[in-house]
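Single-structure report; data block below.
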Amino acid sequence: MKKLFVLIVLYALYQNWDAITNNTNKPAFAADNVVVMYSTDWCGYCKNARQFFNDNNIAFADYDIEKSYDANERYEALGGQAIPLLQVNGVIIRGFQPRKIVASLH
């Protein structure tokens with residue numbers, strides 16, 4: 001009976017290993033972060049940044065620089081040059097750079 005119980009527990013751990021490890025290894029970020037992203041629909045790095053923010057429960061504003069004249073003007077005023085262009089708590093980050101994003105978060 002003990003062997004069956006141990007096997008069931010091991011099987012449950014095996015089935016849920018991703019959920020167990022992902023929740024324990026995620027850094028906790030404060031809710032008061034201000035994250036703004038200037039992006040496009042077709043940009044793969046923009047997609048990765050969106051996924052990063054969503055996976056880590058980080059609220060962000062996303063402005064498409066091809067669909068919004070105002071967004072493009074703000075993007076250009078910040079120096080443009082790369083997409084995504086991120087403002088994380090006032091820090092400008094050009095391109096999807098997870099380490100710089102994490103370093104800029106509270």
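Naming scheme: A, B, ... for chains in displayed order of the structure tokens; residues 1 onward per chain; ligands 1 onward as shown.
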Taking the chain letters and numbering used in this document, name the residues of chain A that DSSP puts in helix (DSSP H, G or I), as a PyMOL selection string.
chain A and resi 2-15+17-25+44-55+69-77+98-104
Might you pull out every residue within 6 Å of stretch 26-43 of chain A, with only C-alpha atoms counted and same-chain residues fewer than 5 positions away left off, and present them as a PyMOL selection string?
chain A and resi 60-65+83-89+106
Could you write out the selected residues, including C-alpha atoms, as a PDB file, in the first residue's frame?
ATOM      1  CA  PHE A  60       2.174  47.503 -19.284  1.00  0.00           C
ATOM      2  CA  ALA A  61       0.828  49.954 -21.829  1.00  0.00           C
ATOM      3  CA  ASP A  62       1.467  48.920 -25.436  1.00  0.00           C
ATOM      4  CA  TYR A  63       1.408  51.521 -28.210  1.00  0.00           C
ATOM      5  CA  ASP A  64       1.654  50.512 -31.864  1.00  0.00           C
ATOM      6  CA  ILE A  65       3.861  53.062 -33.620  1.00  0.00           C
ATOM      7  CA  ILE A  83      11.512  48.241 -31.393  1.00  0.00           C
ATOM      8  CA  PRO A  84      10.343  47.501 -28.935  1.00  0.00           C
ATOM      9  CA  LEU A  85      11.239  50.739 -27.225  1.00  0.00           C
ATOM     10  CA  LEU A  86      10.488  50.350 -23.534  1.00  0.00           C
ATOM     11  CA  GLN A  87      10.150  52.817 -20.710  1.00  0.00           C
ATOM     12  CA  VAL A  88      10.442  50.914 -17.451  1.00  0.00           C
ATOM     13  CA  ASN A  89      10.081  53.196 -14.440  1.00  0.00           C
ATOM     14  CA  HIS A 106      10.807  47.376  -8.403  1.00  0.00           C
TER      15      HIS A 106
END
With only C-alpha atoms as the basis for distance, which of A:Ile93, A:Pro98, A:Tyr14, A:Gly79 is at the shortest distance from A:Gln51?
A:Pro98
Looking only at the backbone, which of the residues in stretch 35-99 of chain A does DSSP tag as strand (DSSP E), as a PyMOL selection string?
chain A and resi 35-39+61-64+85-88+91-94
Can those selected residues be exported to a file as a CSV table (one decimal), in the first residue's frame so that it contains C-alpha atoms?
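Output below, filename result07.csv:
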chain,number,residue,atom,x,y,z
A,35,VAL,CA,6.0,50.1,-18.1
A,36,VAL,CA,5.3,51.5,-21.5
A,37,MET,CA,6.1,49.7,-24.7
A,38,TYR,CA,6.3,51.2,-28.2
A,39,SER,CA,5.9,48.4,-30.7
A,61,ALA,CA,0.8,50.0,-21.8
A,62,ASP,CA,1.5,48.9,-25.4
A,63,TYR,CA,1.4,51.5,-28.2
A,64,ASP,CA,1.7,50.5,-31.9
A,85,LEU,CA,11.2,50.7,-27.2
A,86,LEU,CA,10.5,50.3,-23.5
A,87,GLN,CA,10.1,52.8,-20.7
A,88,VAL,CA,10.4,50.9,-17.5
A,91,VAL,CA,14.5,53.9,-17.8
A,92,ILE,CA,14.7,53.7,-21.7
A,93,ILE,CA,15.4,50.2,-23.0
A,94,ARG,CA,15.9,49.7,-26.7
Show me, as a list in words, the residues that have an atom within 10 Å of A:Gln81 when counting only C-alpha atoms, minus same-chain residues fewer than 5 positions from it.
Tyr75, Glu76, Arg94 and Gly95 of chain A
Which value, in Å to one decimal, gives the distance between atom CA of A:Ala103 and atom CA of A:Ala77?
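Taking atom CA of A:Ala103 as the start and atom CA of A:Ala77 as the end point, the length is 23.7 Å.
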Go through A:Tyr69, A:Val102, A:Leu13, A:Gln97 one by one, measure the shortest atom-to-atom distance of each to A:Asn56 using only C-alpha atoms, and give the residue with the smallest value.
A:Val102
With only C-alpha atoms as the basis for distance, which of A:Gly80, A:Phe96, A:Ala71, A:Asn16 is at the shortest distance from A:Phe52?
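Of all the options, A:Phe96 lies closest to A:Phe52.
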I'd like the interatomic distance between atom CA of A:Gln15 and atom CA of A:Asp55, to a tenth of an Å.
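Pair atom CA of A:Gln15 / atom CA of A:Asp55 returns 20.4 Å.
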